[in-house]
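Coordinates as given in my_file.pdb (PDB, C-alpha atoms):
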ATOM      1  CA  MET A   4      93.861 141.937  13.884
ATOM      2  CA  SER A   5      96.191 144.946  14.002
ATOM      3  CA  THR A   6      93.673 147.517  15.271
ATOM      4  CA  LEU A   7      91.451 147.400  18.367
ATOM      5  CA  GLY A   8      88.472 149.669  18.838
ATOM      6  CA  LEU A   9      88.273 150.457  22.551
ATOM      7  CA  ILE A  10      84.947 151.745  23.884
ATOM      8  CA  ALA A  11      86.270 153.219  27.113
ATOM      9  CA  GLY A  12      84.471 154.092  30.327
ATOM     10  CA  LYS A  13      85.836 155.042  33.751
ATOM     11  CA  GLY A  14      88.442 153.497  36.028
ATOM     12  CA  ILE A  15      91.653 151.532  35.557
ATOM     13  CA  TYR A  16      90.034 148.755  33.511
ATOM     14  CA  PRO A  17      90.288 150.460  30.083
ATOM     15  CA  ARG A  18      93.859 151.518  30.866
ATOM     16  CA  LEU A  19      94.833 147.898  31.552
ATOM     17  CA  VAL A  20      93.204 146.746  28.305
ATOM     18  CA  LEU A  21      94.965 149.490  26.358
ATOM     19  CA  ASP A  22      98.366 148.611  27.835
ATOM     20  CA  ALA A  23      97.908 144.856  27.294
ATOM     21  CA  ALA A  24      96.737 145.305  23.698
ATOM     22  CA  ARG A  25      99.590 147.674  22.932
ATOM     23  CA  ARG A  26     102.116 145.136  24.240
ATOM     24  CA  LYS A  27     100.771 142.840  21.522
ATOM     25  CA  GLY A  28     101.465 145.493  18.913
ATOM     26  CA  LEU A  29      97.870 146.610  18.338
ATOM     27  CA  THR A  30      96.860 150.096  17.283
ATOM     28  CA  ILE A  31      94.280 151.536  19.704
ATOM     29  CA  VAL A  32      91.322 153.454  18.285
ATOM     30  CA  MET A  33      89.348 154.791  21.239
ATOM     31  CA  ALA A  34      85.768 155.952  21.566
ATOM     32  CA  ALA A  35      85.840 158.322  24.572
ATOM     33  CA  PHE A  36      82.752 159.582  26.372
ATOM     34  CA  GLU A  37      82.298 163.047  27.779
ATOM     35  CA  GLY A  38      82.119 162.971  31.587
ATOM     36  CA  GLU A  39      83.232 159.317  31.767
ATOM     37  CA  THR A  40      86.542 158.601  30.022
ATOM     38  CA  SER A  41      89.609 160.327  31.493
ATOM     39  CA  VAL A  42      91.319 162.848  29.232
ATOM     40  CA  GLU A  43      94.713 161.285  29.994
ATOM     41  CA  LEU A  44      93.515 157.860  28.886
ATOM     42  CA  ALA A  45      91.956 159.184  25.680
ATOM     43  CA  GLU A  46      95.108 161.052  24.722
ATOM     44  CA  SER A  47      97.236 157.938  25.290
ATOM     45  CA  ALA A  48      95.391 156.044  22.531
ATOM     46  CA  ASP A  49      96.736 156.120  18.980
ATOM     47  CA  TYR A  50      93.486 157.720  17.851
ATOM     48  CA  HIS A  51      90.528 158.924  19.855
ATOM     49  CA  GLN A  52      87.264 160.732  19.368
ATOM     50  CA  TRP A  53      85.043 162.275  22.003
ATOM     51  CA  MET A  54      81.319 161.599  21.862
ATOM     52  CA  ARG A  55      78.240 161.644  24.069
ATOM     53  CA  LEU A  56      76.511 158.578  25.411
ATOM     54  CA  GLY A  57      73.827 157.606  22.946
ATOM     55  CA  GLN A  58      75.697 158.619  19.795
ATOM     56  CA  LEU A  59      75.862 155.134  18.308
ATOM     57  CA  GLY A  60      75.886 156.449  14.759
ATOM     58  CA  VAL A  61      78.944 158.561  15.520
ATOM     59  CA  LEU A  62      80.665 155.554  17.120
ATOM     60  CA  ILE A  63      80.029 153.248  14.156
ATOM     61  CA  ASP A  64      81.017 155.849  11.556
ATOM     62  CA  TYR A  65      84.227 156.584  13.472
ATOM     63  CA  PHE A  66      85.210 152.925  13.782
ATOM     64  CA  LYS A  67      84.453 152.251  10.106
ATOM     65  CA  LYS A  68      86.529 155.268   9.073
ATOM     66  CA  GLN A  69      89.441 153.869  11.126
ATOM     67  CA  ASN A  70      88.958 150.369   9.631
ATOM     68  CA  VAL A  71      88.069 148.847  13.008
ATOM     69  CA  THR A  72      86.613 145.346  12.679
ATOM     70  CA  GLN A  73      87.029 144.208  16.306
ATOM     71  CA  ALA A  74      86.199 146.213  19.415
ATOM     72  CA  MET A  75      85.942 145.924  23.186
ATOM     73  CA  MET A  76      83.960 147.596  25.934
ATOM     74  CA  ALA A  77      85.989 148.321  29.074
ATOM     75  CA  GLY A  78      85.279 150.505  32.094
ATOM     76  CA  GLN A  79      82.207 151.593  33.959
ATOM     77  CA  ILE A  80      79.578 154.012  32.727
ATOM     78  CA  THR A  81      77.774 155.882  35.501
ATOM     79  CA  PRO A  82      74.480 153.919  35.823
ATOM     80  CA  SER A  83      72.286 157.008  36.209
ATOM     81  CA  ARG A  84      73.481 158.322  32.855
ATOM     82  CA  LEU A  85      71.737 155.447  31.107
ATOM     83  CA  PHE A  86      68.518 157.267  31.997
ATOM     84  CA  ASP A  87      69.840 160.582  30.707
ATOM     85  CA  LEU A  88      70.813 159.624  27.176
ATOM     86  CA  ARG A  89      70.689 162.103  24.326
ATOM     87  CA  PRO A  90      70.251 159.486  21.615
ATOM     88  CA  ASP A  91      70.935 160.004  17.947
ATOM     89  CA  PHE A  92      68.616 158.517  15.327
ATOM     90  CA  ARG A  93      70.413 155.175  15.268
ATOM     91  CA  THR A  94      70.107 154.809  19.030
ATOM     92  CA  LEU A  95      66.459 155.852  18.963
ATOM     93  CA  MET A  96      65.735 153.071  16.488
ATOM     94  CA  ILE A  97      67.362 150.541  18.818
ATOM     95  CA  LEU A  98      65.576 151.843  21.916
ATOM     96  CA  ALA A  99      62.253 151.496  20.125
ATOM     97  CA  THR A 100      62.822 147.740  19.821
ATOM     98  CA  LEU A 101      63.628 147.145  23.505
ATOM     99  CA  LYS A 102      60.812 145.990  25.771
ATOM    100  CA  LYS A 103      63.131 146.066  28.787
ATOM    101  CA  ARG A 104      65.680 148.842  29.207
ATOM    102  CA  ASN A 105      68.701 148.197  31.372
ATOM    103  CA  ALA A 106      72.454 148.011  30.892
ATOM    104  CA  GLU A 107      72.323 144.426  29.641
ATOM    105  CA  THR A 108      69.638 144.923  26.995
ATOM    106  CA  LEU A 109      71.059 148.274  25.866
ATOM    107  CA  PHE A 110      74.652 147.063  25.500
ATOM    108  CA  GLY A 111      73.436 143.846  23.891
ATOM    109  CA  ALA A 112      71.552 145.851  21.283
ATOM    110  CA  VAL A 113      74.640 147.994  20.690
ATOM    111  CA  ALA A 114      76.715 144.827  20.190
ATOM    112  CA  ASP A 115      74.188 143.543  17.639
ATOM    113  CA  GLU A 116      74.253 146.836  15.740
ATOM    114  CA  LEU A 117      78.042 146.828  15.670
ATOM    115  CA  GLN A 118      77.954 143.272  14.306
ATOM    116  CA  LYS A 119      75.596 144.334  11.508
ATOM    117  CA  ASN A 120      78.183 146.916  10.516
ATOM    118  CA  GLY A 121      81.107 144.519  10.395
ATOM    119  CA  ILE A 122      82.455 145.245  13.884
ATOM    120  CA  VAL A 123      82.720 142.248  16.214
ATOM    121  CA  LEU A 124      82.486 143.008  19.932
ATOM    122  CA  LEU A 125      85.075 140.842  21.696
ATOM    123  CA  PRO A 126      84.722 139.426  25.223
ATOM    124  CA  ALA A 127      85.568 142.065  27.812
ATOM    125  CA  THR A 128      88.236 139.739  29.209
ATOM    126  CA  THR A 129      90.249 139.779  25.964
ATOM    127  CA  HIS A 130      93.956 140.557  26.562
ATOM    128  CA  LEU A 131      93.395 140.171  30.327
ATOM    129  CA  GLU A 132      92.818 136.416  30.513
ATOM    130  CA  ASP A 133      95.674 136.015  33.008
ATOM    131  CA  SER A 134      93.755 138.228  35.447
ATOM    132  CA  LEU A 135      90.681 135.981  35.679
ATOM    133  CA  ALA A 136      90.089 134.670  39.209
ATOM    134  CA  GLY A 137      91.146 131.115  40.028
ATOM    135  CA  VAL A 138      89.652 128.660  42.541
ATOM    136  CA  GLY A 139      90.202 128.572  46.306
ATOM    137  CA  LEU A 140      92.310 130.971  48.353
ATOM    138  CA  LEU A 141      93.426 133.795  46.068
ATOM    139  CA  ALA A 142      94.855 136.196  48.638
ATOM    140  CA  GLY A 143      94.914 136.996  52.333
ATOM    141  CA  PRO A 144      94.507 134.691  55.352
ATOM    142  CA  LYS A 145      92.922 131.262  55.349
ATOM    143  CA  PRO A 146      89.154 131.516  55.920
ATOM    144  CA  SER A 147      87.439 130.578  59.164
ATOM    145  CA  ARG A 148      84.770 127.901  59.652
ATOM    146  CA  SER A 149      82.076 130.557  59.802
ATOM    147  CA  PHE A 150      83.195 131.787  56.387
ATOM    148  CA  PHE A 151      82.377 128.438  54.776
ATOM    149  CA  SER A 152      79.006 128.393  56.502
ATOM    150  CA  ASP A 153      78.196 131.858  55.140
ATOM    151  CA  LEU A 154      79.456 130.836  51.701
ATOM    152  CA  GLU A 155      77.179 127.800  51.632
ATOM    153  CA  ILE A 156      74.181 129.936  52.606
ATOM    154  CA  GLY A 157      74.995 133.032  50.587
ATOM    155  CA  TRP A 158      76.130 131.595  47.253
ATOM    156  CA  PRO A 159      72.704 130.316  46.084
ATOM    157  CA  VAL A 160      71.110 133.566  47.263
ATOM    158  CA  ALA A 161      73.566 135.648  45.215
ATOM    159  CA  LYS A 162      73.011 133.441  42.162
ATOM    160  CA  ALA A 163      69.235 133.746  42.575
ATOM    161  CA  ILE A 164      69.201 137.549  42.686
ATOM    162  CA  SER A 165      71.557 137.683  39.698
ATOM    163  CA  ALA A 166      69.169 135.419  37.759
ATOM    164  CA  LEU A 167      66.371 137.880  38.529
ATOM    165  CA  ASP A 168      68.570 140.737  37.243
ATOM    166  CA  ILE A 169      68.416 142.511  40.620
ATOM    167  CA  GLY A 170      72.150 142.633  41.327
ATOM    168  CA  GLN A 171      75.215 140.424  41.515
ATOM    169  CA  SER A 172      76.468 140.947  45.081
ATOM    170  CA  ILE A 173      75.297 140.309  48.627
ATOM    171  CA  VAL A 174      76.791 140.895  52.073
ATOM    172  CA  LEU A 175      76.026 138.513  54.924
ATOM    173  CA  LYS A 176      77.207 137.588  58.412
ATOM    174  CA  LYS A 177      76.500 134.439  60.429
ATOM    175  CA  GLY A 178      73.863 133.323  57.950
ATOM    176  CA  THR A 179      71.984 136.636  57.868
ATOM    177  CA  ILE A 180      71.733 138.559  54.595
ATOM    178  CA  LEU A 181      72.647 142.155  55.412
ATOM    179  CA  ALA A 182      72.618 143.815  51.997
ATOM    180  CA  VAL A 183      71.592 142.950  48.443
ATOM    181  CA  GLU A 184      72.971 144.827  45.483
ATOM    182  CA  GLY A 185      70.521 146.902  43.517
ATOM    183  CA  TYR A 186      70.805 149.918  41.286
ATOM    184  CA  ASP A 187      73.301 151.542  43.666
ATOM    185  CA  GLY A 188      76.075 149.095  42.735
ATOM    186  CA  THR A 189      78.620 146.930  44.521
ATOM    187  CA  ASN A 190      80.474 149.600  46.486
ATOM    188  CA  ALA A 191      77.298 150.965  48.056
ATOM    189  CA  THR A 192      76.217 147.406  48.886
ATOM    190  CA  ILE A 193      79.517 146.776  50.669
ATOM    191  CA  ARG A 194      79.082 149.936  52.743
ATOM    192  CA  ARG A 195      75.459 149.159  53.644
ATOM    193  CA  GLY A 196      76.233 145.574  54.608
ATOM    194  CA  GLY A 197      79.386 146.484  56.483
ATOM    195  CA  GLU A 198      77.599 149.098  58.547
ATOM    196  CA  LEU A 199      74.943 146.600  59.586
ATOM    197  CA  GLY A 200      77.395 143.763  60.223
ATOM    198  CA  LYS A 201      79.842 145.848  62.264
ATOM    199  CA  GLY A 202      82.801 143.705  61.240
ATOM    200  CA  ALA A 203      83.548 140.165  59.992
ATOM    201  CA  ALA A 204      80.976 140.280  57.185
ATOM    202  CA  VAL A 205      81.325 138.362  53.897
ATOM    203  CA  LEU A 206      80.814 139.807  50.422
ATOM    204  CA  ILE A 207      79.793 137.404  47.643
ATOM    205  CA  LYS A 208      79.940 138.614  44.039
ATOM    206  CA  VAL A 209      78.770 136.327  41.200
ATOM    207  CA  SER A 210      78.072 136.356  37.487
ATOM    208  CA  LYS A 211      74.632 136.100  35.943
ATOM    209  CA  PRO A 212      73.473 132.647  34.747
ATOM    210  CA  ARG A 213      73.763 133.781  31.123
ATOM    211  CA  GLN A 214      76.407 136.469  31.567
ATOM    212  CA  ASP A 215      77.284 138.116  28.277
ATOM    213  CA  MET A 216      81.069 138.238  28.546
ATOM    214  CA  ARG A 217      81.232 141.015  25.944
ATOM    215  CA  PHE A 218      80.210 143.510  28.612
ATOM    216  CA  ASP A 219      79.283 143.806  32.289
ATOM    217  CA  VAL A 220      81.905 141.261  33.402
ATOM    218  CA  PRO A 221      82.257 141.132  37.222
ATOM    219  CA  VAL A 222      85.350 143.106  38.198
ATOM    220  CA  ILE A 223      87.294 143.430  41.456
ATOM    221  CA  GLY A 224      90.040 146.024  41.881
ATOM    222  CA  PRO A 225      92.149 147.522  44.651
ATOM    223  CA  ASP A 226      89.400 150.029  45.489
ATOM    224  CA  THR A 227      87.008 147.137  46.182
ATOM    225  CA  LEU A 228      89.346 145.753  48.842
ATOM    226  CA  LYS A 229      89.851 149.204  50.365
ATOM    227  CA  ILE A 230      86.095 149.720  50.659
ATOM    228  CA  CYS A 231      85.697 146.235  52.188
ATOM    229  CA  ALA A 232      88.355 147.049  54.786
ATOM    230  CA  GLU A 233      86.798 150.432  55.597
ATOM    231  CA  SER A 234      83.332 148.878  55.904
ATOM    232  CA  GLY A 235      84.143 145.878  58.093
ATOM    233  CA  VAL A 236      83.912 143.224  55.395
ATOM    234  CA  SER A 237      86.603 140.644  56.156
ATOM    235  CA  ALA A 238      86.093 138.164  53.296
ATOM    236  CA  LEU A 239      85.314 138.522  49.611
ATOM    237  CA  VAL A 240      84.117 135.664  47.379
ATOM    238  CA  VAL A 241      84.198 135.916  43.586
ATOM    239  CA  GLU A 242      83.211 133.512  40.831
ATOM    240  CA  SER A 243      86.273 131.866  39.342
ATOM    241  CA  LYS A 244      86.997 132.161  35.596
ATOM    242  CA  LYS A 245      84.266 134.794  35.276
ATOM    243  CA  THR A 246      85.655 137.617  37.450
ATOM    244  CA  LEU A 247      88.487 139.951  36.476
ATOM    245  CA  LEU A 248      90.989 140.854  39.186
ATOM    246  CA  LEU A 249      92.399 144.208  38.135
ATOM    247  CA  LEU A 250      96.001 144.779  39.266
ATOM    248  CA  PRO A 251      96.200 141.334  40.928
ATOM    249  CA  ASP A 252      99.597 141.982  42.560
ATOM    250  CA  GLU A 253      98.227 145.068  44.316
ATOM    251  CA  ILE A 254      95.093 143.149  45.285
ATOM    252  CA  ARG A 255      97.182 140.432  46.950
ATOM    253  CA  GLN A 256      99.224 143.032  48.796
ATOM    254  CA  LEU A 257      96.120 144.822  50.068
ATOM    255  CA  ALA A 258      94.461 141.560  51.117
ATOM    256  CA  GLN A 259      97.491 140.786  53.259
ATOM    257  CA  GLN A 260      97.633 144.326  54.623
ATOM    258  CA  PHE A 261      93.933 144.382  55.553
ATOM    259  CA  ASN A 262      93.814 140.745  56.719
ATOM    260  CA  LEU A 263      91.060 140.216  54.153
ATOM    261  CA  THR A 264      90.350 136.815  52.610
ATOM    262  CA  LEU A 265      89.818 136.684  48.846
ATOM    263  CA  TRP A 266      88.293 133.389  47.727
ATOM    264  CA  GLY A 267      87.415 132.061  44.266
ATOM    265  CA  LYS A 268      84.511 129.647  43.838
ATOM    266  CA  ASP A 269      83.525 127.798  40.712
ATOM    267  CA  ASN A 270      79.823 127.623  40.003
TER     268      ASN A 270
END

I need this file expressed as structure tokens, please.
Amino acid sequence: MSTLGLIAGKGIYPRLVLDAARRKGLTIVMAAFEGETSVELAESADYHQWMRLGQLGVLIDYFKKQNVTQAMMAGQITPSRLFDLRPDFRTLMILATLKKRNAETLFGAVADELQKNGIVLLPATTHLEDSLAGVGLLAGPKPSRSFFSDLEIGWPVAKAISALDIGQSIVLKKGTILAVEGYDGTNATIRRGGELGKGAAVLIKVSKPRQDMRFDVPVIGPDTLKICAESGVSALVVESKKTLLLLPDEIRQLAQQFNLTLWGKDN
């Protein structure tokens, strides 16, 4: 593979993928989305084309024209925009086949359509394998006894809500569940739980039982730790080998600065 098709959303994630792929000598062909992808990021790719969410036909035609046979999804798309699509005919045909419409089913259908057109969607961890979370203490101070008690209680709860496709994060304190992630996302969950816990709360973020690693991979970045610190969350648990730590050196520095424990747990 000498060319990578990068379907880029918001945040630092697509930038890290671009930089890592370029270090391996790959040519970057980017699909950029209006109102989501940063202009600076798009212009740093070797080739880029702007399109609207829902223009799957445009995306496939563009990648085929650029001889893209392998692609990646990286970066967040604003969740509310999934309900405000302006689909082209190709997307309409896909939507008509979906009984359940959410990010997972929509992106899964997109991946299948890409495959039919000779474009393989790679795991979203490709080129960033070294940034996958390990096991045990990853950063910050050693956890307290109460942390392990909350982890024992909270882990099966987080896995249960992820299996029900409700969310992938919870916040708890002293055995009490303070916040469960829903449509509002992880950051809002941290703020809600932190406000109720008033300090020393624990955030647990897991993968789904059948997580499709081609998209929607759990991600933790520096902003996550900053929001935890601002909200009174003192410990963060992630699922090892299934969670990307973006800018891990900065994450470790912030964990030390905020006295925040970052812990990796295998399932």

Q: Fewer than 3 positions away in the same chain doesn't count, so skip those; otherwise give me all residues within 7 Å of Leu135 (chain A), counting all atoms listed in the file, as JSON, numbers by chain.
A: {"A": [132, 244, 245, 246, 247, 248]}

Written as a short mmCIF file (atom, residue, chain, number, x, y, z; two decimals) with C-alpha atoms, in the coordinates of the input, which residues does the PyMOL selection byres ((chain A and resi 45-53) around 9) give for the file shown?
data_model
loop_
_atom_site.label_atom_id
_atom_site.label_comp_id
_atom_site.auth_asym_id
_atom_site.auth_seq_id
_atom_site.Cartn_x
_atom_site.Cartn_y
_atom_site.Cartn_z
CA ALA A 11 86.27 153.22 27.11
CA LEU A 21 94.96 149.49 26.36
CA THR A 30 96.86 150.10 17.28
CA ILE A 31 94.28 151.54 19.70
CA VAL A 32 91.32 153.45 18.28
CA MET A 33 89.35 154.79 21.24
CA ALA A 34 85.77 155.95 21.57
CA ALA A 35 85.84 158.32 24.57
CA PHE A 36 82.75 159.58 26.37
CA GLU A 37 82.30 163.05 27.78
CA THR A 40 86.54 158.60 30.02
CA SER A 41 89.61 160.33 31.49
CA VAL A 42 91.32 162.85 29.23
CA GLU A 43 94.71 161.28 29.99
CA LEU A 44 93.52 157.86 28.89
CA MET A 54 81.32 161.60 21.86
CA ARG A 55 78.24 161.64 24.07
CA LEU A 62 80.67 155.55 17.12
CA TYR A 65 84.23 156.58 13.47
CA GLN A 69 89.44 153.87 11.13
#

(Q) Show me the residues close to (85.8, 151.3, 52.4) - anything with an atom within 12 Å, counting all atoms listed in the file - and format the list as a PyMOL selection string. (A) chain A and resi 189-198+225-237+261

(Q) For this structure, which residues satisfy the selection - the PyMOL selection byres ((chain A and resi 250) around 10) - when it is evaluated on the file as given? I want them as a ChimeraX atom specification. (A) /A:15-16,19,134,223-225,247-249,251-255

Q. Neighbours of region 173-182 of chain A within 12 Å (all atoms listed in the file; same-chain residues fewer than 5 positions away dropped), as a ChimeraX atom specification?
A. /A:147-165,187-209,231,234-241

**Q.** Gap from CA of Gly57 (chain A) to CA of Met76 (chain A) - Å, one decimal
**A.**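 These atoms are spaced 14.6 Å apart.
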
Q | Selected residue of minimal separation from Gln214 (chain A) among A:Gly38, A:Pro126, A:Gly8, A:Gly143, counting all atoms listed in the file | A | A:Pro126

**Q.** Among listed residues A:Gly60, A:Pro90, A:Pro146, A:Gly78, nearest Leu117 (chain A) (using all atoms listed in the file)
**A.**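 Answer, going by the shortest atom-to-atom distance: A:Gly60.
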
Q) Between CA of Gly137 (chain A) and CA of Gln73 (chain A), what is the spacing in Å? A) 27.4 Å

Q) When you draw a straight line from CA of Asp219 (chain A) to CA of Thr94 (chain A), how long is it in Å? A) 19.5 Å

(Q) For a quick check of understanding, using all atoms listed in the file, which of A:Thr128, A:Asn262, A:Gln58, A:Ser172 has the smallest distance to Ile97 (chain A)? (A)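 The shortest atom-to-atom distance to Ile97 (chain A) comes from A:Gln58.
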
Q. With distances taken over all atoms listed in the file, which of A:Lys268, A:Gly185, A:Arg217, A:Ala258 is nearest to Pro144 (chain A)?
A.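 Ranked by minimum distance to Pro144 (chain A), first place goes to A:Ala258.
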
Exercise: residues within 6 Å of coordinate (90.0, 129.5, 49.5), counting all atoms listed in the file, as a compact mmCIF listing (two decimals) with C-alpha atoms, keeping the file's coordinate frame:
# COMPACT_ATOMS: atom_id res chain seq x y z
CA GLY A 139 90.20 128.57 46.31
CA LEU A 140 92.31 130.97 48.35
CA TRP A 266 88.29 133.39 47.73
